file my_file-v4.tsv (TSV, C-alpha atoms and all ligand atoms)
chain	number	residue	atom	x	y	z
L	397	MET	CA	46.36	91.81	72.43
L	398	GLU	CA	45.00	93.49	69.32
L	399	PRO	CA	45.05	97.31	69.27
L	400	VAL	CA	41.91	98.98	70.61
L	401	ASN	CA	40.04	100.75	67.82
L	402	LEU	CA	37.19	102.83	69.17
L	403	ILE	CA	34.45	105.21	68.18
L	404	LEU	CA	32.91	107.53	70.76
L	405	LEU	CA	29.42	108.14	69.43
L	406	GLY	CA	27.40	110.81	71.18
L	407	PRO	CA	26.04	114.33	70.91
L	408	PRO	CA	28.29	117.36	71.29
L	409	GLY	CA	28.71	118.14	75.00
L	410	VAL	CA	28.34	114.59	76.29
L	411	GLY	CA	32.00	114.49	77.38
L	412	LYS	CA	33.64	112.65	74.47
L	413	SER	CA	36.85	114.70	74.43
L	414	THR	CA	37.31	114.45	78.19
L	415	GLN	CA	36.89	110.68	78.05
L	416	ALA	CA	39.11	110.43	74.96
L	417	ALA	CA	41.99	112.06	76.86
L	418	LEU	CA	41.53	109.63	79.78
L	419	LEU	CA	41.33	106.62	77.46
L	420	ALA	CA	44.54	107.63	75.68
L	421	ARG	CA	46.32	107.31	79.03
L	422	ARG	CA	44.94	103.80	79.57
L	423	TYR	CA	45.36	102.38	76.04
L	424	PRO	CA	48.01	102.95	73.37
L	425	LEU	CA	45.73	104.79	70.98
L	426	ALA	CA	45.78	107.92	68.88
L	427	ILE	CA	42.90	110.34	69.33
L	428	LEU	CA	41.49	111.43	66.00
L	429	SER	CA	39.10	114.30	66.67
L	430	THR	CA	37.71	115.74	63.45
L	431	GLY	CA	36.47	118.83	65.34
L	432	ASN	CA	40.00	119.54	66.66
L	433	MET	CA	41.51	118.93	63.22
L	434	LEU	CA	39.06	121.37	61.64
L	435	ARG	CA	39.59	124.00	64.35
L	436	ALA	CA	43.36	123.77	63.75
L	437	GLU	CA	42.72	124.35	60.02
L	438	VAL	CA	40.52	127.37	60.82
L	439	GLU	CA	43.12	128.80	63.22
L	440	ALA	CA	45.87	128.37	60.58
L	441	GLU	CA	43.56	129.95	57.96
L	442	THR	CA	44.20	127.15	55.46
L	443	GLU	CA	41.98	126.77	52.41
L	444	LEU	CA	40.18	123.87	54.08
L	445	GLY	CA	39.76	125.88	57.30
L	446	LEU	CA	38.36	128.89	55.49
L	447	ALA	CA	35.93	126.68	53.56
L	448	ALA	CA	34.78	124.83	56.71
L	449	LYS	CA	34.44	127.84	59.04
L	450	ALA	CA	30.98	129.02	58.00
L	451	ALA	CA	29.45	125.55	58.38
L	452	MET	CA	31.15	125.06	61.76
L	453	ASP	CA	30.16	128.46	63.17
L	454	SER	CA	26.52	127.88	62.28
L	455	GLY	CA	26.43	124.33	63.68
L	456	GLN	CA	26.15	122.62	60.28
L	457	LEU	CA	28.22	119.66	59.18
L	458	VAL	CA	31.23	120.01	56.89
L	459	GLY	CA	30.97	117.98	53.66
L	460	ASP	CA	31.49	114.21	53.89
L	461	ASP	CA	34.22	114.11	51.20
L	462	VAL	CA	36.46	116.59	53.01
L	463	ILE	CA	36.06	114.83	56.35
L	464	VAL	CA	36.54	111.33	54.98
L	465	ALA	CA	39.76	112.37	53.19
L	466	MET	CA	41.07	113.95	56.40
L	467	VAL	CA	40.37	110.82	58.48
L	468	ARG	CA	41.75	108.49	55.80
L	469	LYS	CA	45.06	110.36	55.82
L	470	CYS	CA	45.36	110.07	59.61
L	471	LEU	CA	44.47	106.38	59.69
L	472	GLU	CA	46.96	105.59	56.95
L	473	GLU	CA	49.72	107.27	58.92
L	474	LEU	CA	49.17	105.15	62.06
L	475	ALA	CA	51.52	102.28	62.87
L	476	PRO	CA	49.65	98.94	62.59
L	477	SER	CA	50.18	98.24	66.31
L	478	GLN	CA	48.64	101.54	67.34
L	479	GLY	CA	44.94	101.74	68.09
L	480	PHE	CA	42.76	104.77	67.43
L	481	LEU	CA	39.86	106.59	68.99
L	482	LEU	CA	37.52	108.47	66.68
L	483	ASP	CA	35.90	111.47	68.38
L	484	GLY	CA	33.29	113.27	66.29
L	485	PHE	CA	33.51	110.88	63.35
L	486	PRO	CA	31.51	109.32	61.74
L	487	ARG	CA	28.58	111.73	61.89
L	488	THR	CA	26.54	110.56	58.89
L	489	THR	CA	25.74	107.15	57.44
L	490	ALA	CA	27.85	108.04	54.37
L	491	GLN	CA	30.85	108.62	56.67
L	492	ALA	CA	30.19	105.35	58.52
L	493	ALA	CA	30.11	103.43	55.23
L	494	ALA	CA	33.33	105.14	54.08
L	495	LEU	CA	34.95	104.25	57.41
L	496	ASP	CA	33.96	100.59	57.04
L	497	ALA	CA	35.63	100.51	53.62
L	498	MET	CA	38.78	102.25	54.90
L	499	LEU	CA	39.16	99.91	57.87
L	500	HIS	CA	38.60	96.92	55.64
L	501	ASP	CA	41.40	98.11	53.33
L	502	LEU	CA	43.70	98.73	56.29
L	503	GLY	CA	42.83	95.39	57.95
L	504	GLN	CA	41.94	97.26	61.16
L	505	PRO	CA	38.54	96.18	62.52
L	506	LEU	CA	36.64	98.31	65.02
L	507	SER	CA	36.75	96.95	68.59
L	508	VAL	CA	33.66	98.74	69.91
L	509	VAL	CA	31.49	101.83	69.48
L	510	VAL	CA	31.00	103.43	72.88
L	511	GLN	CA	27.82	105.49	73.15
L	512	PRO	CA	27.78	107.77	76.22
L	513	LEU	CA	24.16	108.51	77.14
L	514	LEU	CA	22.99	111.65	78.94
L	515	GLU	CA	19.75	113.63	79.33
L	516	ARG	CA	19.40	116.35	76.71
L	517	GLU	CA	19.14	119.20	79.28
L	518	GLU	CA	22.40	118.09	80.90
L	519	VAL	CA	24.11	117.97	77.48
L	520	VAL	CA	23.02	121.54	76.72
L	521	ARG	CA	24.11	122.72	80.18
L	522	ARG	CA	27.56	121.13	79.77
L	523	MET	CA	28.03	122.69	76.34
L	524	ALA	CA	27.12	126.18	77.54
L	525	SER	CA	29.64	125.95	80.42
L	526	ARG	CA	32.42	124.50	78.28
L	527	ARG	CA	35.64	126.36	77.52
L	528	LEU	CA	38.52	125.09	75.40
L	529	CYS	CA	42.22	125.75	75.74
L	530	ARG	CA	43.38	127.77	72.73
L	531	ARG	CA	46.76	126.01	72.85
L	532	CYS	CA	46.10	122.32	73.66
L	533	SER	CA	42.29	122.01	73.12
L	534	THR	CA	41.70	120.50	76.58
L	535	PRO	CA	38.07	121.16	77.58
L	536	THR	CA	37.27	122.76	80.97
L	537	SER	CA	33.92	123.41	82.59
L	538	VAL	CA	33.32	126.83	84.13
L	539	SER	CA	30.57	128.13	86.40
L	540	PRO	CA	30.05	131.24	88.56
L	541	GLU	CA	30.83	129.06	91.61
L	542	ALA	CA	33.97	127.60	90.00
L	543	PRO	CA	35.53	130.31	87.83
L	544	VAL	CA	38.58	129.06	85.93
L	545	GLU	CA	40.69	131.39	83.82
L	546	THR	CA	43.47	129.25	82.41
L	547	CYS	CA	43.90	125.67	81.19
L	548	ARG	CA	44.66	123.22	84.00
L	549	SER	CA	46.78	121.14	81.64
L	550	CYS	CA	49.08	123.73	80.09
L	551	GLY	CA	48.14	127.15	81.51
L	552	GLY	CA	46.91	128.30	78.08
L	553	GLU	CA	44.10	130.80	77.45
L	554	LEU	CA	40.54	129.44	77.71
L	555	ILE	CA	38.09	130.40	74.99
L	556	GLN	CA	34.44	129.69	74.30
L	557	ARG	CA	33.89	127.99	70.96
L	558	PRO	CA	31.79	130.17	68.63
L	559	ASP	CA	29.48	127.17	68.19
L	560	ASP	CA	28.91	126.74	71.94
L	561	ARG	CA	26.54	129.75	71.97
L	562	PRO	CA	22.89	128.85	72.81
L	563	GLU	CA	21.41	129.42	69.33
L	564	VAL	CA	24.12	127.32	67.66
L	565	ILE	CA	23.91	124.62	70.35
L	566	ARG	CA	20.24	124.16	69.42
L	567	LYS	CA	21.14	123.73	65.75
L	568	ARG	CA	23.93	121.24	66.52
L	569	MET	CA	21.58	119.13	68.66
L	570	GLU	CA	19.02	119.12	65.84
L	571	ILE	CA	21.65	118.04	63.30
L	572	TYR	CA	22.86	115.35	65.69
L	573	GLU	CA	19.35	113.94	66.07
L	574	GLN	CA	18.73	113.97	62.32
L	575	GLN	CA	22.06	112.87	60.88
L	576	THR	CA	24.18	111.19	63.55
L	577	SER	CA	21.84	109.42	65.97
L	578	PRO	CA	20.78	106.86	63.28
L	579	LEU	CA	24.36	105.53	63.52
L	580	ALA	CA	23.50	103.89	66.85
L	581	ALA	CA	21.24	101.45	64.99
L	582	TYR	CA	23.91	101.00	62.32
L	583	TYR	CA	26.48	99.86	64.91
L	584	GLN	CA	23.92	97.94	66.96
L	585	GLU	CA	23.27	95.89	63.85
L	586	ALA	CA	27.02	95.22	63.58
L	587	GLU	CA	26.98	94.12	67.27
L	588	LEU	CA	29.52	96.80	68.14
L	589	LEU	CA	27.39	99.26	70.10
L	590	ALA	CA	28.07	99.65	73.83
L	591	PRO	CA	25.74	102.23	75.45
L	592	VAL	CA	27.25	103.69	78.61
L	593	ASN	CA	25.60	105.83	81.26
L	594	ALA	CA	27.44	109.19	81.11
L	595	GLN	CA	25.78	110.66	84.20
L	596	GLY	CA	28.16	111.23	87.11
L	597	ASP	CA	31.73	112.39	87.48
L	598	GLN	CA	34.31	111.76	84.79
L	599	THR	CA	36.17	109.02	86.69
L	600	GLU	CA	32.96	107.07	87.22
L	601	VAL	CA	32.04	107.38	83.55
L	602	PHE	CA	35.59	106.45	82.53
L	603	GLU	CA	35.44	103.22	84.57
L	604	ARG	CA	32.13	102.29	82.91
L	605	ILE	CA	33.67	102.88	79.49
L	606	VAL	CA	36.73	100.76	80.30
L	607	THR	CA	34.44	97.94	81.49
L	608	ALA	CA	32.53	98.13	78.20
L	609	ILE	CA	35.75	98.12	76.15
L	610	GLU	CA	37.15	95.12	78.01
L	611	MET	CA	33.91	93.17	77.53
L	612	TYR	CA	33.99	93.81	73.80
L	613	ARG	CA	37.61	92.73	73.53
L	614	LEU	CA	36.65	89.19	74.49
L	615	PRO	CA	37.51	86.88	71.62
L	616	HIS	CA	34.84	86.80	68.94
L	617	ARG	CA	34.94	83.02	68.94
L	618	LEU	CA	33.20	83.04	72.32
L	619	PRO	CA	29.74	84.29	71.33
L	620	ALA	CA	28.15	83.13	74.62
L	621	ALA	CA	30.66	85.11	76.68
L	622	ARG	CA	30.09	88.08	74.44
L	623	SER	CA	26.34	88.05	74.81
L	624	ILE	CA	26.65	87.65	78.60
L	625	ALA	CA	29.02	90.62	78.56
L	626	VAL	CA	26.56	92.72	76.57
L	627	ASN	CA	23.72	91.83	78.97
L	628	ARG	CA	25.92	92.69	81.89
L	629	ILE	CA	26.82	96.07	80.39
L	630	ASN	CA	23.15	96.80	79.76
L	631	ARG	CA	22.22	95.87	83.35
L	632	TYR	CA	25.15	97.88	84.70
L	633	ASN	CA	23.99	100.96	82.85
L	634	ARG	CA	20.38	100.85	83.93
L	701	LIG	P1	33.03	118.89	67.30
L	701	LIG	O1	34.22	119.50	67.96
L	701	LIG	O2	33.18	117.41	67.10
L	701	LIG	O3	31.73	119.25	67.97
L	701	LIG	O4	32.97	119.50	65.82
L	701	LIG	C1	32.81	120.90	65.60
L	701	LIG	C2	32.25	121.13	64.22
L	701	LIG	O5	33.16	120.65	63.22
L	701	LIG	C3	30.92	120.43	63.93
L	701	LIG	O6	29.79	121.15	64.41
L	701	LIG	C4	30.97	120.38	62.40
L	701	LIG	O7	30.70	121.64	61.82
L	701	LIG	C5	32.45	120.07	62.14
L	701	LIG	N1	32.69	118.61	62.13
L	701	LIG	C6	33.44	117.89	63.02
L	701	LIG	N2	33.45	116.60	62.72
L	701	LIG	C7	32.67	116.47	61.62
L	701	LIG	C8	32.24	115.35	60.85
L	701	LIG	N3	32.62	114.10	61.15
L	701	LIG	N4	31.44	115.60	59.78
L	701	LIG	C9	31.06	116.84	59.47
L	701	LIG	N5	31.40	117.93	60.16
L	701	LIG	C10	32.19	117.75	61.25
call {"tool": "encode", "arguments": {"input": "my_file-v4.tsv", "output": "structure tokens"}}
result
Amino acid sequence: MEPVNLILLGPPGVGKSTQAALLARRYPLAILSTGNMLRAEVEAETELGLAAKAAMDSGQLVGDDVIVAMVRKCLEELAPSQGFLLDGFPRTTAQAAALDAMLHDLGQPLSVVVQPLLEREEVVRRMASRRLCRRCSTPTSVSPEAPVETCRSCGGELIQRPDDRPEVIRKRMEIYEQQTSPLAAYYQEAELLAPVNAQGDQTEVFERIVTAIEMYRLPHRLPAARSIAVNRINRYNR
């Protein structure tokens, strides 16, 4: 089977990183999270990190050129048999076009663009209750009823991202609507978009995503099977 090359396209807080970690256990793929890469640069106080910090803390996007160069380097380093999962990239049409060109050069077509869908209020609620492990970046949800102090994965310290504060959350949602949500139409046009209902617990959502991925991995030379699969996914998600 060909490697699975995925994009998770959705607003911040929809559960992309949680699902990415689960998917990496099911498929041999590398998770490329531009947000995690940038946070590592900020933490290490590199030139790139220092330049990106202000934009990140205020919920703005970092410049396309910087991001595209970062992703290109990671993709070039992957073994040809290894798939990838892009989390948080592309976020603008310029990035999507640059990605198309990169993947064409590398001979690595996208398998599917999974779009987890969730009500806006639930997205905002999830973001406000999110904490990240300072050491391994695993996300955890906290609430007064379920207080958690350390990372379940590695025992590391949990921190709230500076951009998960309410005023910044609002800005990030606005930027998502303006700059990133048009990418759904872009990938729909390319017949790669698989919308998935992201309501429910993470295992349920994971199973829906796996179903969508498997449907899209059907051979391209079977267009009828593919269109049945797409209809089935759409019905399943209603
Ligand atoms: P995330 O963890 O994906 O929510 O990303 C955190 C922040 O990093 C975003 O709010 C942006 O400031 C920046 N960032 C991450 N990915 C990108 C991207 N593809 N393009 C521009 N900025 C990005």
call {"tool": "closest_residue", "arguments": {"input": "my_file-v4.tsv", "among": "L:Met611, L:Val592, L:Met433, L:Leu474", "to": "ligand LIG 701 (chain L)", "atoms": "only C-alpha atoms and all ligand atoms"}}
result
L:Met433
call {"tool": "axis_aligned_box", "arguments": {"input": "my_file-v4.tsv", "around": "ligand LIG 701 (chain L)", "padding_each_side": "6 Å", "output": "JSON"}}
result
{"center_x": 32.0, "center_y": 117.9, "center_z": 63.7, "size_x": 16.4, "size_y": 19.5, "size_z": 20.5}
call {"tool": "closest_residue", "arguments": {"input": "my_file-v4.tsv", "among": "L:Gly455, L:Pro407, L:Pro535, L:Gly479", "to": "ligand LIG 701 (chain L)", "atoms": "only C-alpha atoms and all ligand atoms"}}
result
L:Gly455
call {"tool": "atom_distance", "arguments": {"input": "my_file-v4.tsv", "atom1": "atom CA of L:Gln456", "atom2": "atom CA of L:Cys470"}}
result
23.0 Å
call {"tool": "residues_near_ligand", "arguments": {"input": "my_file-v4.tsv", "ligand": "ligand LIG 701 (chain L)", "cutoff": "6 Å", "atoms": "only C-alpha atoms and all ligand atoms", "output": "ChimeraX atom specification"}}
result
/L:408,430-432,451-452,455-459,463,484-487
call {"tool": "atom_distance", "arguments": {"input": "my_file-v4.tsv", "atom1": "atom CA of L:Glu600", "atom2": "atom CA of L:Met397"}}
result
25.1 Å
call {"tool": "closest_residue", "arguments": {"input": "my_file-v4.tsv", "among": "L:Ser507, L:Ser549, L:Gln575, L:Gln595", "to": "L:Gln491", "atoms": "only C-alpha atoms"}}
result
L:Gln575
call {"tool": "closest_residue", "arguments": {"input": "my_file-v4.tsv", "among": "L:Gln574, L:Pro558, L:Ala417, L:Thr607", "to": "L:Ala450", "atoms": "all atoms listed in the file"}}
result
L:Pro558
call {"tool": "closest_residue", "arguments": {"input": "my_file-v4.tsv", "among": "L:Gln511, L:Thr488, L:Thr534, L:Ser413", "to": "L:Ala594", "atoms": "all atoms listed in the file"}}
result
L:Gln511
call {"tool": "atom_distance", "arguments": {"input": "my_file-v4.tsv", "atom1": "atom CA of L:Thr576", "atom2": "atom CA of L:Asp597"}}
result
25.1 Å
call {"tool": "closest_atom_pairs", "arguments": {"input": "my_file-v4.tsv", "of": "stretch 538-589 of chain L", "to": "stretch 513-533 of chain L", "cutoff": "8 Å", "atoms": "all atoms listed in the file", "output": "CSV"}}
result
residue,atom,partner,partner_atom,distance
L:Val538,CA,L:Ser525,CA,5.3
L:Ser539,CA,L:Ser525,CA,6.4
L:Thr546,CA,L:Cys529,CA,7.6
L:Cys547,CA,L:Cys529,CA,5.7
L:Cys550,CA,L:Cys532,CA,7.2
L:Gly552,CA,L:Arg531,CA,5.7
L:Glu553,CA,L:Cys529,CA,5.7
L:Leu554,CA,L:Cys529,CA,4.5
L:Ile555,CA,L:Leu528,CA,5.3
L:Gln556,CA,L:Arg527,CA,4.8
L:Arg557,CA,L:Arg527,CA,7.0
L:Asp560,CA,L:Ala524,CA,5.9
L:Arg561,CA,L:Ala524,CA,6.6
L:Pro562,CA,L:Ala524,CA,6.9
L:Ile565,CA,L:Val520,CA,7.1
call {"tool": "residues_around", "arguments": {"input": "my_file-v4.tsv", "residues": "L:Leu502", "least_positions_apart": "4", "cutoff": "12 Å", "atoms": "only C-alpha atoms", "output": "tab-separated table (two decimals) with C-alpha atoms, in the frame of the given file"}}
result
chain	number	residue	atom	x	y	z
L	468	ARG	CA	41.75	108.49	55.80
L	469	LYS	CA	45.06	110.36	55.82
L	470	CYS	CA	45.36	110.07	59.61
L	471	LEU	CA	44.47	106.38	59.69
L	472	GLU	CA	46.96	105.59	56.95
L	473	GLU	CA	49.72	107.27	58.92
L	474	LEU	CA	49.17	105.15	62.06
L	475	ALA	CA	51.52	102.28	62.87
L	476	PRO	CA	49.65	98.94	62.59
L	477	SER	CA	50.18	98.24	66.31
L	495	LEU	CA	34.95	104.25	57.41
L	496	ASP	CA	33.96	100.59	57.04
L	497	ALA	CA	35.63	100.51	53.62
L	498	MET	CA	38.78	102.25	54.90
L	506	LEU	CA	36.64	98.31	65.02
call {"tool": "closest_residue", "arguments": {"input": "my_file-v4.tsv", "among": "L:Ala492, L:Pro512, L:Gly503, L:Val544", "to": "L:Ile605", "atoms": "all atoms listed in the file"}}
result
L:Pro512
call {"tool": "residues_around", "arguments": {"input": "my_file-v4.tsv", "residues": "L:Thr599", "least_positions_apart": "4", "cutoff": "10 Å", "atoms": "all atoms listed in the file", "output": "PyMOL selection string"}}
result
chain L and resi 415+418+603-605
call {"tool": "write_last_selection", "arguments": {"input": "my_file-v4.tsv", "atoms": "C-alpha atoms", "output": "PDB file, in the frame of the given file"}}
result
ATOM      1  CA  GLN L 415      36.890 110.680  78.050  1.00  0.00           C
ATOM      2  CA  LEU L 418      41.530 109.630  79.780  1.00  0.00           C
ATOM      3  CA  GLU L 603      35.440 103.220  84.570  1.00  0.00           C
ATOM      4  CA  ARG L 604      32.130 102.290  82.910  1.00  0.00           C
ATOM      5  CA  ILE L 605      33.670 102.880  79.490  1.00  0.00           C
TER       6      ILE L 605
END
call {"tool": "build_atoms", "arguments": {"input": "my_file-v4.tsv", "residues": "stretch 563-581 of chain L", "atoms": "N, CA and C atoms", "output": "CSV table (one decimal), in the coordinates of the input"}}
result
chain,number,residue,atom,x,y,z
L,563,GLU,N,22.2,129.6,70.6
L,563,GLU,CA,21.4,129.4,69.3
L,563,GLU,C,22.1,128.4,68.4
L,564,VAL,N,23.4,128.3,68.5
L,564,VAL,CA,24.1,127.3,67.7
L,564,VAL,C,24.0,125.9,68.3
L,565,ILE,N,24.0,125.9,69.6
L,565,ILE,CA,23.9,124.6,70.4
L,565,ILE,C,22.6,123.9,69.9
L,566,ARG,N,21.5,124.7,69.8
L,566,ARG,CA,20.2,124.2,69.4
L,566,ARG,C,20.3,123.5,68.0
L,567,LYS,N,21.0,124.2,67.1
L,567,LYS,CA,21.1,123.7,65.8
L,567,LYS,C,22.0,122.4,65.7
L,568,ARG,N,23.0,122.4,66.5
L,568,ARG,CA,23.9,121.2,66.5
L,568,ARG,C,23.2,120.0,67.1
L,569,MET,N,22.3,120.3,68.1
L,569,MET,CA,21.6,119.1,68.7
L,569,MET,C,20.6,118.6,67.6
L,570,GLU,N,20.0,119.5,66.9
L,570,GLU,CA,19.0,119.1,65.8
L,570,GLU,C,19.7,118.3,64.8
L,571,ILE,N,20.9,118.8,64.3
L,571,ILE,CA,21.6,118.0,63.3
L,571,ILE,C,22.1,116.7,63.8
L,572,TYR,N,22.5,116.6,65.1
L,572,TYR,CA,22.9,115.4,65.7
L,572,TYR,C,21.7,114.4,65.6
L,573,GLU,N,20.5,114.8,66.1
L,573,GLU,CA,19.4,113.9,66.1
L,573,GLU,C,19.1,113.4,64.7
L,574,GLN,N,19.1,114.3,63.7
L,574,GLN,CA,18.7,114.0,62.3
L,574,GLN,C,19.8,113.1,61.6
L,575,GLN,N,21.0,113.5,61.7
L,575,GLN,CA,22.1,112.9,60.9
L,575,GLN,C,22.9,111.9,61.6
L,576,THR,N,23.2,112.1,62.9
L,576,THR,CA,24.2,111.2,63.6
L,576,THR,C,23.5,110.1,64.4
L,577,SER,N,22.4,110.4,65.1
L,577,SER,CA,21.8,109.4,66.0
L,577,SER,C,21.4,108.1,65.3
L,578,PRO,N,21.1,108.1,63.9
L,578,PRO,CA,20.8,106.9,63.3
L,578,PRO,C,22.0,105.9,63.3
L,579,LEU,N,23.2,106.4,63.5
L,579,LEU,CA,24.4,105.5,63.5
L,579,LEU,C,24.3,104.5,64.7
L,580,ALA,N,23.6,104.8,65.7
L,580,ALA,CA,23.5,103.9,66.8
L,580,ALA,C,22.9,102.6,66.3
L,581,ALA,N,21.9,102.7,65.5
L,581,ALA,CA,21.2,101.4,65.0
L,581,ALA,C,22.2,100.7,64.0
